[in-house]
$ cat protein_25.cif   # mmCIF, C-alpha atoms
data_data
#
loop_
_atom_site.group_PDB
_atom_site.id
_atom_site.type_symbol
_atom_site.label_atom_id
_atom_site.label_comp_id
_atom_site.auth_asym_id
_atom_site.auth_seq_id
_atom_site.Cartn_x
_atom_site.Cartn_y
_atom_site.Cartn_z
ATOM 1 C CA MET N 10 99.539 89.844 110.338
ATOM 2 C CA PHE N 11 96.509 87.784 109.622
ATOM 3 C CA ILE N 12 94.588 86.814 106.487
ATOM 4 C CA ARG N 13 90.918 86.118 107.004
ATOM 5 C CA ARG N 14 87.942 85.051 104.904
ATOM 6 C CA PRO N 15 84.893 87.165 105.825
ATOM 7 C CA GLU N 16 82.699 84.044 105.925
ATOM 8 C CA SER N 17 84.955 82.592 108.642
ATOM 9 C CA VAL N 18 84.010 85.421 111.025
ATOM 10 C CA GLU N 19 80.909 84.928 113.161
ATOM 11 C CA ALA N 20 77.950 87.093 112.117
ATOM 12 C CA GLN N 21 76.230 88.917 114.960
ATOM 13 C CA SER N 22 72.681 90.162 114.667
ATOM 14 C CA VAL N 23 72.648 93.944 115.161
ATOM 15 C CA GLN N 24 70.262 94.801 117.971
ATOM 16 C CA MET N 25 69.567 98.534 118.067
ATOM 17 C CA ASP N 26 66.447 100.663 117.947
ATOM 18 C CA GLY N 27 65.463 101.247 114.328
ATOM 19 C CA VAL N 28 67.397 98.282 112.883
ATOM 20 C CA ALA N 29 65.792 95.445 110.895
ATOM 21 C CA GLY N 30 67.456 92.451 109.267
ATOM 22 C CA VAL N 31 71.092 93.487 109.762
ATOM 23 C CA SER N 32 74.040 91.323 110.812
ATOM 24 C CA MET N 33 77.643 92.394 111.339
ATOM 25 C CA ARG N 34 81.011 90.637 111.131
ATOM 26 C CA LEU N 35 83.970 92.417 112.719
ATOM 27 C CA LEU N 36 86.673 91.710 110.110
ATOM 28 C CA VAL N 37 89.445 93.818 111.696
ATOM 29 C CA GLY N 38 88.986 95.480 115.074
ATOM 30 C CA LYS N 39 90.434 96.534 118.397
ATOM 31 C CA SER N 40 90.358 92.933 119.572
ATOM 32 C CA ASP N 41 92.817 92.083 116.768
ATOM 33 C CA GLY N 42 95.213 94.793 117.917
ATOM 34 C CA ALA N 43 94.300 97.228 115.124
ATOM 35 C CA PRO N 44 95.067 100.625 116.661
ATOM 36 C CA THR N 45 93.216 103.281 114.648
ATOM 37 C CA PHE N 46 90.213 102.120 112.624
ATOM 38 C CA SER N 47 88.029 99.020 112.263
ATOM 39 C CA MET N 48 86.547 97.099 109.332
ATOM 40 C CA ARG N 49 83.085 95.582 109.597
ATOM 41 C CA LEU N 50 80.977 93.667 107.045
ATOM 42 C CA PHE N 51 77.222 94.300 107.171
ATOM 43 C CA ASP N 52 74.616 92.063 105.540
ATOM 44 C CA VAL N 53 71.152 93.571 105.112
ATOM 45 C CA THR N 54 68.281 91.241 104.190
ATOM 46 C CA PRO N 55 65.651 92.344 101.652
ATOM 47 C CA GLY N 56 63.381 94.793 103.470
ATOM 48 C CA GLY N 57 66.021 95.470 106.111
ATOM 49 C CA HIS N 58 67.715 98.690 107.128
ATOM 50 C CA THR N 59 70.304 100.174 109.462
ATOM 51 C CA PRO N 60 69.194 102.790 112.001
ATOM 52 C CA ARG N 61 68.438 106.319 110.843
ATOM 53 C CA HIS N 62 70.917 108.179 113.004
ATOM 54 C CA SER N 63 73.909 110.482 113.172
ATOM 55 C CA HIS N 64 77.116 110.377 115.190
ATOM 56 C CA PRO N 65 80.262 112.472 115.475
ATOM 57 C CA TYR N 66 82.497 110.157 113.416
ATOM 58 C CA GLU N 67 82.762 109.188 109.771
ATOM 59 C CA HIS N 68 82.053 106.054 107.739
ATOM 60 C CA GLU N 69 84.017 104.820 104.740
ATOM 61 C CA VAL N 70 81.984 102.213 102.853
ATOM 62 C CA ILE N 71 82.482 99.727 100.003
ATOM 63 C CA VAL N 72 79.368 98.027 98.605
ATOM 64 C CA VAL N 73 80.398 94.417 97.996
ATOM 65 C CA GLU N 74 77.092 92.817 96.957
ATOM 66 C CA GLY N 75 73.644 93.854 95.806
ATOM 67 C CA GLU N 76 71.837 97.165 95.579
ATOM 68 C CA GLY N 77 70.122 99.496 97.984
ATOM 69 C CA ARG N 78 69.807 103.094 98.920
ATOM 70 C CA VAL N 79 71.354 105.463 101.403
ATOM 71 C CA GLU N 80 69.800 108.487 103.044
ATOM 72 C CA HIS N 81 71.998 111.511 103.637
ATOM 73 C CA ASN N 82 70.357 114.379 105.549
ATOM 74 C CA GLY N 83 66.931 113.653 104.054
ATOM 75 C CA SER N 84 67.993 112.839 100.477
ATOM 76 C CA LEU N 85 67.941 109.290 99.068
ATOM 77 C CA HIS N 86 70.694 107.967 96.784
ATOM 78 C CA PRO N 87 70.964 104.567 95.057
ATOM 79 C CA ILE N 88 73.982 102.397 95.859
ATOM 80 C CA GLN N 89 75.210 99.272 94.122
ATOM 81 C CA LYS N 90 78.022 96.720 94.154
ATOM 82 C CA GLY N 91 81.382 98.397 93.634
ATOM 83 C CA ASP N 92 80.376 101.839 94.904
ATOM 84 C CA VAL N 93 82.607 103.579 97.427
ATOM 85 C CA LEU N 94 80.903 105.974 99.823
ATOM 86 C CA TYR N 95 82.096 108.535 102.358
ATOM 87 C CA MET N 96 79.688 109.651 105.101
ATOM 88 C CA GLU N 97 80.940 112.663 107.017
ATOM 89 C CA PRO N 98 80.672 113.033 110.803
ATOM 90 C CA GLY N 99 77.355 114.473 111.948
ATOM 91 C CA ALA N 100 75.282 113.527 108.882
ATOM 92 C CA MET N 101 71.885 111.883 109.382
ATOM 93 C CA HIS N 102 72.080 108.614 107.466
ATOM 94 C CA GLN N 103 70.490 105.217 106.911
ATOM 95 C CA PHE N 104 71.200 102.258 104.632
ATOM 96 C CA THR N 105 68.141 100.418 103.284
ATOM 97 C CA ASN N 106 67.732 97.275 101.200
ATOM 98 C CA PRO N 107 64.389 97.451 99.372
ATOM 99 C CA GLY N 108 65.128 94.008 97.901
ATOM 100 C CA PRO N 109 64.804 91.549 96.350
ATOM 101 C CA ALA N 110 68.462 90.451 96.791
ATOM 102 C CA PRO N 111 70.804 90.672 99.783
ATOM 103 C CA LEU N 112 72.826 93.881 100.257
ATOM 104 C CA SER N 113 76.325 93.653 101.750
ATOM 105 C CA PHE N 114 78.754 96.436 102.456
ATOM 106 C CA ILE N 115 82.007 96.933 104.290
ATOM 107 C CA CYS N 116 81.849 99.918 106.641
ATOM 108 C CA LEU N 117 84.989 101.264 108.303
ATOM 109 C CA VAL N 118 84.991 103.519 111.360
ATOM 110 C CA PRO N 119 87.623 105.184 113.505
ATOM 111 C CA GLN N 120 87.983 103.585 116.935
ATOM 112 C CA GLN N 121 87.784 106.875 118.794
ATOM 113 C CA HIS N 122 85.960 110.141 118.358
ATOM 114 C CA SER N 123 85.670 113.389 120.289
ATOM 115 C CA CYS N 124 89.100 113.071 121.962
ATOM 116 C CA GLY N 125 88.931 109.567 123.350
ATOM 117 C CA GLU N 126 85.315 108.374 123.229
ATOM 118 C CA SER N 127 85.057 104.784 122.003
ATOM 119 C CA VAL N 128 83.181 104.063 118.739
ATOM 120 C CA PRO N 129 80.604 101.246 119.105
ATOM 121 C CA GLY N 130 81.291 98.101 117.074
ATOM 122 C CA SER N 131 84.934 98.907 116.430
ATOM 123 C CA MET S 16 78.720 112.521 101.578
ATOM 124 C CA PHE S 17 79.857 111.265 98.236
ATOM 125 C CA ILE S 18 79.374 108.063 96.251
ATOM 126 C CA ARG S 19 82.164 107.228 93.869
ATOM 127 C CA ARG S 20 82.965 104.500 91.328
ATOM 128 C CA PRO S 21 86.629 103.449 91.711
ATOM 129 C CA GLU S 22 87.105 103.555 87.930
ATOM 130 C CA SER S 23 86.135 107.245 87.958
ATOM 131 C CA VAL S 24 89.181 108.110 90.077
ATOM 132 C CA GLU S 25 92.417 108.849 88.243
ATOM 133 C CA ALA S 26 95.036 106.120 88.601
ATOM 134 C CA GLN S 27 98.520 107.340 89.479
ATOM 135 C CA SER S 28 101.612 105.273 88.777
ATOM 136 C CA VAL S 29 103.405 104.580 92.063
ATOM 137 C CA GLN S 30 106.991 105.807 91.791
ATOM 138 C CA MET S 31 109.069 104.506 94.693
ATOM 139 C CA ASP S 32 112.269 102.522 94.960
ATOM 140 C CA GLY S 33 111.468 98.809 94.767
ATOM 141 C CA VAL S 34 108.065 99.220 93.075
ATOM 142 C CA ALA S 35 107.161 97.680 89.699
ATOM 143 C CA GLY S 36 103.842 97.816 87.839
ATOM 144 C CA VAL S 37 101.724 99.411 90.566
ATOM 145 C CA SER S 38 99.109 102.154 90.228
ATOM 146 C CA MET S 39 97.041 103.767 92.969
ATOM 147 C CA ARG S 40 93.644 105.461 93.108
ATOM 148 C CA LEU S 41 92.892 107.520 96.216
ATOM 149 C CA LEU S 42 89.236 106.562 96.792
ATOM 150 C CA VAL S 43 88.753 108.434 100.090
ATOM 151 C CA GLY S 44 91.457 110.686 101.507
ATOM 152 C CA LYS S 45 92.416 113.839 103.335
ATOM 153 C CA SER S 46 91.610 115.883 100.238
ATOM 154 C CA ASP S 47 87.986 114.713 100.561
ATOM 155 C CA GLY S 48 87.825 115.880 104.169
ATOM 156 C CA ALA S 49 88.117 112.387 105.655
ATOM 157 C CA PRO S 50 89.672 113.023 109.076
ATOM 158 C CA THR S 51 91.168 109.744 110.330
ATOM 159 C CA PHE S 52 91.988 107.111 107.711
ATOM 160 C CA SER S 53 92.223 106.837 103.919
ATOM 161 C CA MET S 54 91.119 104.256 101.338
ATOM 162 C CA ARG S 55 93.308 103.520 98.324
ATOM 163 C CA LEU S 56 92.873 101.017 95.467
ATOM 164 C CA PHE S 57 96.067 99.418 94.163
ATOM 165 C CA ASP S 58 96.357 97.615 90.833
ATOM 166 C CA VAL S 59 99.412 95.397 90.391
ATOM 167 C CA THR S 60 100.216 94.128 86.891
ATOM 168 C CA PRO S 61 101.419 90.529 86.386
ATOM 169 C CA GLY S 62 105.051 90.470 87.497
ATOM 170 C CA GLY S 63 104.625 93.637 89.539
ATOM 171 C CA HIS S 64 105.126 94.259 93.247
ATOM 172 C CA THR S 65 104.891 96.883 95.946
ATOM 173 C CA PRO S 66 108.082 97.874 97.822
ATOM 174 C CA ARG S 67 109.524 95.528 100.428
ATOM 175 C CA HIS S 68 109.455 97.859 103.403
ATOM 176 C CA SER S 69 108.173 98.554 106.885
ATOM 177 C CA HIS S 70 106.650 101.625 108.512
ATOM 178 C CA PRO S 71 105.240 102.531 111.914
ATOM 179 C CA TYR S 72 101.561 102.327 110.883
ATOM 180 C CA GLU S 73 99.149 99.560 109.959
ATOM 181 C CA HIS S 74 97.414 98.435 106.765
ATOM 182 C CA GLU S 75 93.921 96.997 106.499
ATOM 183 C CA VAL S 76 93.486 95.297 103.116
ATOM 184 C CA ILE S 77 90.673 93.761 101.032
ATOM 185 C CA VAL S 78 91.688 91.786 97.938
ATOM 186 C CA VAL S 79 89.122 92.735 95.279
ATOM 187 C CA GLU S 80 90.510 90.957 92.195
ATOM 188 C CA GLY S 81 93.003 88.258 91.307
ATOM 189 C CA GLU S 82 95.613 86.354 93.263
ATOM 190 C CA GLY S 83 99.069 87.065 94.574
ATOM 191 C CA ARG S 84 101.240 86.712 97.597
ATOM 192 C CA VAL S 85 102.235 88.775 100.561
ATOM 193 C CA GLU S 86 105.477 88.697 102.504
ATOM 194 C CA HIS S 87 105.319 89.207 106.252
ATOM 195 C CA ASN S 88 108.690 89.354 108.020
ATOM 196 C CA GLY S 89 110.283 86.893 105.591
ATOM 197 C CA SER S 90 107.360 84.464 105.218
ATOM 198 C CA LEU S 91 105.265 84.258 102.051
ATOM 199 C CA HIS S 92 101.489 83.780 102.123
ATOM 200 C CA PRO S 93 99.023 83.389 99.214
ATOM 201 C CA ILE S 94 96.224 85.936 98.878
ATOM 202 C CA GLN S 95 93.157 85.859 96.677
ATOM 203 C CA LYS S 96 89.987 87.753 95.876
ATOM 204 C CA GLY S 97 87.825 88.171 98.962
ATOM 205 C CA ASP S 98 90.621 87.872 101.511
ATOM 206 C CA VAL S 99 90.867 90.450 104.284
ATOM 207 C CA LEU S 100 94.344 91.139 105.655
ATOM 208 C CA TYR S 101 95.725 93.070 108.617
ATOM 209 C CA MET S 102 99.381 94.143 108.539
ATOM 210 C CA GLU S 103 100.595 95.422 111.892
ATOM 211 C CA PRO S 104 102.839 98.487 112.302
ATOM 212 C CA GLY S 105 106.536 97.706 111.977
ATOM 213 C CA ALA S 106 106.221 94.487 109.950
ATOM 214 C CA MET S 107 108.412 94.028 106.872
ATOM 215 C CA HIS S 108 105.982 93.410 104.020
ATOM 216 C CA GLN S 109 105.548 93.281 100.255
ATOM 217 C CA PHE S 110 102.670 92.461 97.906
ATOM 218 C CA THR S 111 103.592 90.599 94.714
ATOM 219 C CA ASN S 112 101.597 89.537 91.667
ATOM 220 C CA PRO S 113 103.334 86.546 90.052
ATOM 221 C CA GLY S 114 100.634 86.564 87.336
ATOM 222 C CA PRO S 115 99.109 85.824 84.959
ATOM 223 C CA ALA S 116 96.080 88.010 85.851
ATOM 224 C CA PRO S 117 95.855 91.480 87.400
ATOM 225 C CA LEU S 118 95.840 91.778 91.196
ATOM 226 C CA SER S 119 93.810 94.555 92.826
ATOM 227 C CA PHE S 120 93.432 95.334 96.488
ATOM 228 C CA ILE S 121 92.025 98.096 98.640
ATOM 229 C CA CYS S 122 94.530 99.194 101.294
ATOM 230 C CA LEU S 123 93.506 101.506 104.115
ATOM 231 C CA VAL S 124 95.917 103.502 106.243
ATOM 232 C CA PRO S 125 95.658 105.938 109.126
ATOM 233 C CA GLN S 126 96.432 109.520 108.129
ATOM 234 C CA GLN S 127 98.843 110.084 110.997
ATOM 235 C CA HIS S 128 101.357 108.003 112.904
ATOM 236 C CA SER S 129 103.848 108.611 115.673
ATOM 237 C CA CYS S 130 101.919 111.545 117.200
ATOM 238 C CA GLY S 131 101.311 113.687 114.156
ATOM 239 C CA GLU S 132 103.568 112.477 111.337
ATOM 240 C CA SER S 133 101.697 112.359 108.027
ATOM 241 C CA VAL S 134 101.212 108.986 106.269
ATOM 242 C CA PRO S 135 102.231 109.086 102.555
ATOM 243 C CA GLY S 136 99.424 108.523 100.063
ATOM 244 C CA SER S 137 96.640 109.230 102.531
#
$ encode --input "protein_25.cif" --output "C-alpha cells"
Amino acid sequence: MFIRRPESVEAQSVQMDGVAGVSMRLLVGKSDGAPTFSMRLFDVTPGGHTPRHSHPYEHEVIVVEGEGRVEHNGSLHPIQKGDVLYMEPGAMHQFTNPGPAPLSFICLVPQQHSCGESVPGS
Amino acid sequence: MFIRRPESVEAQSVQMDGVAGVSMRLLVGKSDGAPTFSMRLFDVTPGGHTPRHSHPYEHEVIVVEGEGRVEHNGSLHPIQKGDVLYMEPGAMHQFTNPGPAPLSFICLVPQQHSCGESVPGS
C-alpha cells in the first residue's frame, strides 16, 4: 500500500503532436506494481489542450479543478469540477481549457489493450 | 461518452458483514459498457467503516472529502481529502471514519480477477 499526495509526484510536460500546455503526474502506475489500470493527473493551462485523437482503449475521468470542454466525435461538451466522464474506446476526443483558470482532471486508463499492447503513460 | 454528476447517481446502502454506515454510487461500471475497470464513490458516515477483509484484486482510491483512517495488514494510517491510495491485491484492509464529518472516497477496481472471476460492485 501507499498513500500519496498528488503534488508530491513530479509533473512531466506532455510532448506529443497536437498538445499544448499539458503536464501529467503518474499517481498510480505499472511502476508502482498496479496490475490492471493506471491513474494520471493532468493539468491544462489556460489556452491549452490535449491531442485530438482516438485509440482502442477507454478513459475514465474525474474533473478535479476548473472548467473546460471535451470533444466527442465532433461534438463539444462543457466540463467542470466534480464531473465524472467516460470516454469509450475508439472515440475521437480532445480536452481543451479555454481559460482563464487552470483545468485539472484525473484520467484513468487500462494498462493493456488489444490483447497485450501496452497503453502509453500507464 | 457520458458526463455525469456523482450526486445524480443513486446511492445504495452497502450490506455486507462488517460494514456500518457506508453507501456506494457506481459512477462508471460494466452496466455503462466500461470494459476493464469500474469507478465507485463511497460515503462513510461518522462512526462508519467498510469491512475488514482482503481479496485478490487491487484498489486505487482518491479521498474526495473528509478524513479517516485505513488499515493495511494491521497498521493504521490517516487519510484525508486529496490523498491518493493504492491497496495491493491480497492485503487485509479497512476504511474507517472516526468522525465527526463525513468521509467520501472514490475507489476503483478491476472488473475481473483470477482469470475471469467477476469483481463485486464493478
$ interface_residues --input "protein_25.cif" --of "chain S" --to "chain N" --cutoff "8 Å" --atoms "all atoms listed in the file" --output "PyMOL selection string"
chain S and resi 16-21+42-43+49-52+54+73+75+87+94+97-103+125
$ write_last_selection --input "protein_25.cif" --atoms "C-alpha atoms" --output "mmCIF file, in the frame of the given file"
data_model
loop_
_atom_site.group_PDB
_atom_site.id
_atom_site.type_symbol
_atom_site.label_atom_id
_atom_site.label_comp_id
_atom_site.auth_asym_id
_atom_site.auth_seq_id
_atom_site.Cartn_x
_atom_site.Cartn_y
_atom_site.Cartn_z
ATOM 1 C CA MET S 16 78.720 112.521 101.578
ATOM 2 C CA PHE S 17 79.857 111.265 98.236
ATOM 3 C CA ILE S 18 79.374 108.063 96.251
ATOM 4 C CA ARG S 19 82.164 107.228 93.869
ATOM 5 C CA ARG S 20 82.965 104.500 91.328
ATOM 6 C CA PRO S 21 86.629 103.449 91.711
ATOM 7 C CA LEU S 42 89.236 106.562 96.792
ATOM 8 C CA VAL S 43 88.753 108.434 100.090
ATOM 9 C CA ALA S 49 88.117 112.387 105.655
ATOM 10 C CA PRO S 50 89.672 113.023 109.076
ATOM 11 C CA THR S 51 91.168 109.744 110.330
ATOM 12 C CA PHE S 52 91.988 107.111 107.711
ATOM 13 C CA MET S 54 91.119 104.256 101.338
ATOM 14 C CA GLU S 73 99.149 99.560 109.959
ATOM 15 C CA GLU S 75 93.921 96.997 106.499
ATOM 16 C CA HIS S 87 105.319 89.207 106.252
ATOM 17 C CA ILE S 94 96.224 85.936 98.878
ATOM 18 C CA GLY S 97 87.825 88.171 98.962
ATOM 19 C CA ASP S 98 90.621 87.872 101.511
ATOM 20 C CA VAL S 99 90.867 90.450 104.284
ATOM 21 C CA LEU S 100 94.344 91.139 105.655
ATOM 22 C CA TYR S 101 95.725 93.070 108.617
ATOM 23 C CA MET S 102 99.381 94.143 108.539
ATOM 24 C CA GLU S 103 100.595 95.422 111.892
ATOM 25 C CA PRO S 125 95.658 105.938 109.126
#
$ calpha_fit_and_write --input "protein_25.cif" --fixed "chain S" --moving "chain N" --output "JSON list (two decimals) with C-alpha atoms, in the frame of the given file"
[["chain", "number", "residue", "atom", "x", "y", "z"],
["N", 10, "MET", "CA", 78.72, 112.52, 101.58],
["N", 11, "PHE", "CA", 79.85, 111.27, 98.25],
["N", 12, "ILE", "CA", 79.37, 108.06, 96.26],
["N", 13, "ARG", "CA", 82.16, 107.23, 93.87],
["N", 14, "ARG", "CA", 82.97, 104.51, 91.34],
["N", 15, "PRO", "CA", 86.63, 103.46, 91.71],
["N", 16, "GLU", "CA", 87.09, 103.57, 87.93],
["N", 17, "SER", "CA", 86.12, 107.26, 87.95],
["N", 18, "VAL", "CA", 89.18, 108.11, 90.08],
["N", 19, "GLU", "CA", 92.42, 108.85, 88.24],
["N", 20, "ALA", "CA", 95.05, 106.11, 88.58],
["N", 21, "GLN", "CA", 98.52, 107.34, 89.48],
["N", 22, "SER", "CA", 101.60, 105.28, 88.77],
["N", 23, "VAL", "CA", 103.41, 104.59, 92.06],
["N", 24, "GLN", "CA", 106.98, 105.81, 91.79],
["N", 25, "MET", "CA", 109.08, 104.51, 94.68],
["N", 26, "ASP", "CA", 112.28, 102.52, 94.96],
["N", 27, "GLY", "CA", 111.47, 98.82, 94.76],
["N", 28, "VAL", "CA", 108.07, 99.22, 93.07],
["N", 29, "ALA", "CA", 107.16, 97.68, 89.70],
["N", 30, "GLY", "CA", 103.86, 97.82, 87.83],
["N", 31, "VAL", "CA", 101.74, 99.42, 90.57],
["N", 32, "SER", "CA", 99.12, 102.16, 90.22],
["N", 33, "MET", "CA", 97.05, 103.76, 92.97],
["N", 34, "ARG", "CA", 93.65, 105.46, 93.11],
["N", 35, "LEU", "CA", 92.89, 107.51, 96.22],
["N", 36, "LEU", "CA", 89.23, 106.56, 96.79],
["N", 37, "VAL", "CA", 88.75, 108.44, 100.09],
["N", 38, "GLY", "CA", 91.45, 110.69, 101.50],
["N", 39, "LYS", "CA", 92.42, 113.85, 103.33],
["N", 40, "SER", "CA", 91.60, 115.89, 100.25],
["N", 41, "ASP", "CA", 87.97, 114.71, 100.57],
["N", 42, "GLY", "CA", 87.81, 115.88, 104.17],
["N", 43, "ALA", "CA", 88.11, 112.38, 105.66],
["N", 44, "PRO", "CA", 89.66, 113.02, 109.07],
["N", 45, "THR", "CA", 91.16, 109.75, 110.33],
["N", 46, "PHE", "CA", 91.99, 107.12, 107.71],
["N", 47, "SER", "CA", 92.23, 106.83, 103.92],
["N", 48, "MET", "CA", 91.13, 104.26, 101.35],
["N", 49, "ARG", "CA", 93.30, 103.53, 98.33],
["N", 50, "LEU", "CA", 92.88, 101.02, 95.47],
["N", 51, "PHE", "CA", 96.08, 99.42, 94.16],
["N", 52, "ASP", "CA", 96.36, 97.61, 90.83],
["N", 53, "VAL", "CA", 99.42, 95.39, 90.39],
["N", 54, "THR", "CA", 100.22, 94.11, 86.89],
["N", 55, "PRO", "CA", 101.42, 90.52, 86.39],
["N", 56, "GLY", "CA", 105.06, 90.46, 87.49],
["N", 57, "GLY", "CA", 104.62, 93.62, 89.54],
["N", 58, "HIS", "CA", 105.13, 94.25, 93.24],
["N", 59, "THR", "CA", 104.91, 96.88, 95.95],
["N", 60, "PRO", "CA", 108.08, 97.86, 97.81],
["N", 61, "ARG", "CA", 109.52, 95.52, 100.42],
["N", 62, "HIS", "CA", 109.44, 97.85, 103.39],
["N", 63, "SER", "CA", 108.16, 98.54, 106.89],
["N", 64, "HIS", "CA", 106.66, 101.62, 108.51],
["N", 65, "PRO", "CA", 105.24, 102.52, 111.90],
["N", 66, "TYR", "CA", 101.56, 102.33, 110.88],
["N", 67, "GLU", "CA", 99.16, 99.56, 109.96],
["N", 68, "HIS", "CA", 97.42, 98.43, 106.77],
["N", 69, "GLU", "CA", 93.92, 96.99, 106.50],
["N", 70, "VAL", "CA", 93.49, 95.30, 103.12],
["N", 71, "ILE", "CA", 90.68, 93.76, 101.04],
["N", 72, "VAL", "CA", 91.69, 91.78, 97.94],
["N", 73, "VAL", "CA", 89.13, 92.73, 95.29],
["N", 74, "GLU", "CA", 90.50, 90.96, 92.20],
["N", 75, "GLY", "CA", 93.00, 88.26, 91.31],
["N", 76, "GLU", "CA", 95.62, 86.36, 93.27],
["N", 77, "GLY", "CA", 99.07, 87.07, 94.58],
["N", 78, "ARG", "CA", 101.24, 86.70, 97.59],
["N", 79, "VAL", "CA", 102.24, 88.78, 100.56],
["N", 80, "GLU", "CA", 105.48, 88.69, 102.51],
["N", 81, "HIS", "CA", 105.31, 89.20, 106.25],
["N", 82, "ASN", "CA", 108.69, 89.35, 108.04],
["N", 83, "GLY", "CA", 110.28, 86.88, 105.62],
["N", 84, "SER", "CA", 107.36, 84.46, 105.22],
["N", 85, "LEU", "CA", 105.26, 84.25, 102.04],
["N", 86, "HIS", "CA", 101.47, 83.78, 102.12],
["N", 87, "PRO", "CA", 99.03, 83.39, 99.21],
["N", 88, "ILE", "CA", 96.23, 85.94, 98.88],
["N", 89, "GLN", "CA", 93.16, 85.85, 96.68],
["N", 90, "LYS", "CA", 89.98, 87.77, 95.87],
["N", 91, "GLY", "CA", 87.83, 88.19, 98.96],
["N", 92, "ASP", "CA", 90.62, 87.87, 101.52],
["N", 93, "VAL", "CA", 90.87, 90.45, 104.28],
["N", 94, "LEU", "CA", 94.34, 91.13, 105.65],
["N", 95, "TYR", "CA", 95.72, 93.06, 108.62],
["N", 96, "MET", "CA", 99.39, 94.13, 108.55],
["N", 97, "GLU", "CA", 100.60, 95.42, 111.90],
["N", 98, "PRO", "CA", 102.83, 98.48, 112.31],
["N", 99, "GLY", "CA", 106.53, 97.71, 111.98],
["N", 100, "ALA", "CA", 106.22, 94.49, 109.95],
["N", 101, "MET", "CA", 108.40, 94.02, 106.86],
["N", 102, "HIS", "CA", 105.98, 93.40, 104.02],
["N", 103, "GLN", "CA", 105.54, 93.27, 100.25],
["N", 104, "PHE", "CA", 102.67, 92.45, 97.91],
["N", 105, "THR", "CA", 103.60, 90.58, 94.71],
["N", 106, "ASN", "CA", 101.60, 89.53, 91.66],
["N", 107, "PRO", "CA", 103.33, 86.54, 90.04],
["N", 108, "GLY", "CA", 100.64, 86.58, 87.34],
["N", 109, "PRO", "CA", 99.12, 85.82, 84.96],
["N", 110, "ALA", "CA", 96.08, 88.01, 85.85],
["N", 111, "PRO", "CA", 95.86, 91.49, 87.39],
["N", 112, "LEU", "CA", 95.85, 91.78, 91.20],
["N", 113, "SER", "CA", 93.81, 94.55, 92.83],
["N", 114, "PHE", "CA", 93.43, 95.34, 96.49],
["N", 115, "ILE", "CA", 92.04, 98.10, 98.64],
["N", 116, "CYS", "CA", 94.54, 99.19, 101.29],
["N", 117, "LEU", "CA", 93.50, 101.51, 104.12],
["N", 118, "VAL", "CA", 95.94, 103.50, 106.25],
["N", 119, "PRO", "CA", 95.66, 105.94, 109.13],
["N", 120, "GLN", "CA", 96.43, 109.52, 108.13],
["N", 121, "GLN", "CA", 98.85, 110.09, 110.99],
["N", 122, "HIS", "CA", 101.35, 108.01, 112.89],
["N", 123, "SER", "CA", 103.85, 108.62, 115.67],
["N", 124, "CYS", "CA", 101.92, 111.55, 117.20],
["N", 125, "GLY", "CA", 101.32, 113.71, 114.17],
["N", 126, "GLU", "CA", 103.55, 112.49, 111.33],
["N", 127, "SER", "CA", 101.68, 112.37, 108.02],
["N", 128, "VAL", "CA", 101.21, 109.00, 106.27],
["N", 129, "PRO", "CA", 102.22, 109.09, 102.57],
["N", 130, "GLY", "CA", 99.41, 108.53, 100.07],
["N", 131, "SER", "CA", 96.63, 109.22, 102.54]]
$ resolve_selection --input "protein_25.cif" --expression "the PyMOL selection byres ((chain S and resi 116) around 8)" --output "count of residues only"
8
$ resolve_selection --input "protein_25.cif" --expression "the PyMOL selection byres ((chain N and resi 60-63) around 7)" --output "PyMOL selection string"
chain N and resi 26-28+58-59+64+99-103
$ atom_distance --input "protein_25.cif" --atom1 "atom CA of S:Gly62" --atom2 "atom CA of S:Val78"
17.0 Å
$ atom_distance --input "protein_25.cif" --atom1 "atom CA of S:Gly131" --atom2 "atom CA of S:Lys45"
14.0 Å
$ residues_near_point --input "protein_25.cif" --point "(106.6, 91.4, 93.3)" --cutoff "6 Å" --atoms "only C-alpha atoms" --output "list in words"
Gly63, His64, Thr111 and Asn112 of chain S
$ write_last_selection --input "protein_25.cif" --atoms "C-alpha atoms" --output "compact mmCIF listing (two decimals), in the frame of the given file"
# COMPACT_ATOMS: atom_id res chain seq x y z
CA GLY S 63 104.62 93.64 89.54
CA HIS S 64 105.13 94.26 93.25
CA THR S 111 103.59 90.60 94.71
CA ASN S 112 101.60 89.54 91.67
$ atom_distance --input "protein_25.cif" --atom1 "atom CA of S:Ser137" --atom2 "atom CA of S:Arg55"
7.8 Å
$ closest_residue --input "protein_25.cif" --among "S:Pro71, S:Glu25, S:Met39, S:Leu56" --to "S:Ser129" --atoms "only C-alpha atoms"
S:Pro71
$ residues_around --input "protein_25.cif" --residues "S:Ala26" --least-positions-apart "5" --cutoff "9 Å" --atoms "all atoms listed in the file" --output "PyMOL selection string"
chain S and resi 38-41+56-58
$ build_atoms --input "protein_25.cif" --residues "stretch 76-82 of chain N" --atoms "N, CA and C atoms" --output "compact mmCIF listing (two decimals), in the frame of the given file"
# COMPACT_ATOMS: atom_id res chain seq x y z
N GLU N 76 72.24 95.78 95.81
CA GLU N 76 71.84 97.16 95.58
C GLU N 76 71.03 97.64 96.77
N GLY N 77 70.93 98.94 96.92
CA GLY N 77 70.12 99.50 97.98
C GLY N 77 70.07 100.99 97.85
N ARG N 78 69.79 101.64 98.96
CA ARG N 78 69.81 103.09 98.92
C ARG N 78 70.32 103.61 100.26
N VAL N 79 70.85 104.82 100.20
CA VAL N 79 71.35 105.46 101.40
C VAL N 79 70.70 106.81 101.53
N GLU N 80 70.29 107.14 102.74
CA GLU N 80 69.80 108.49 103.04
C GLU N 80 70.95 109.32 103.59
N HIS N 81 71.02 110.55 103.12
CA HIS N 81 72.00 111.51 103.64
C HIS N 81 71.25 112.81 103.90
N ASN N 82 71.04 113.13 105.16
CA ASN N 82 70.36 114.38 105.55
C ASN N 82 69.05 114.59 104.78
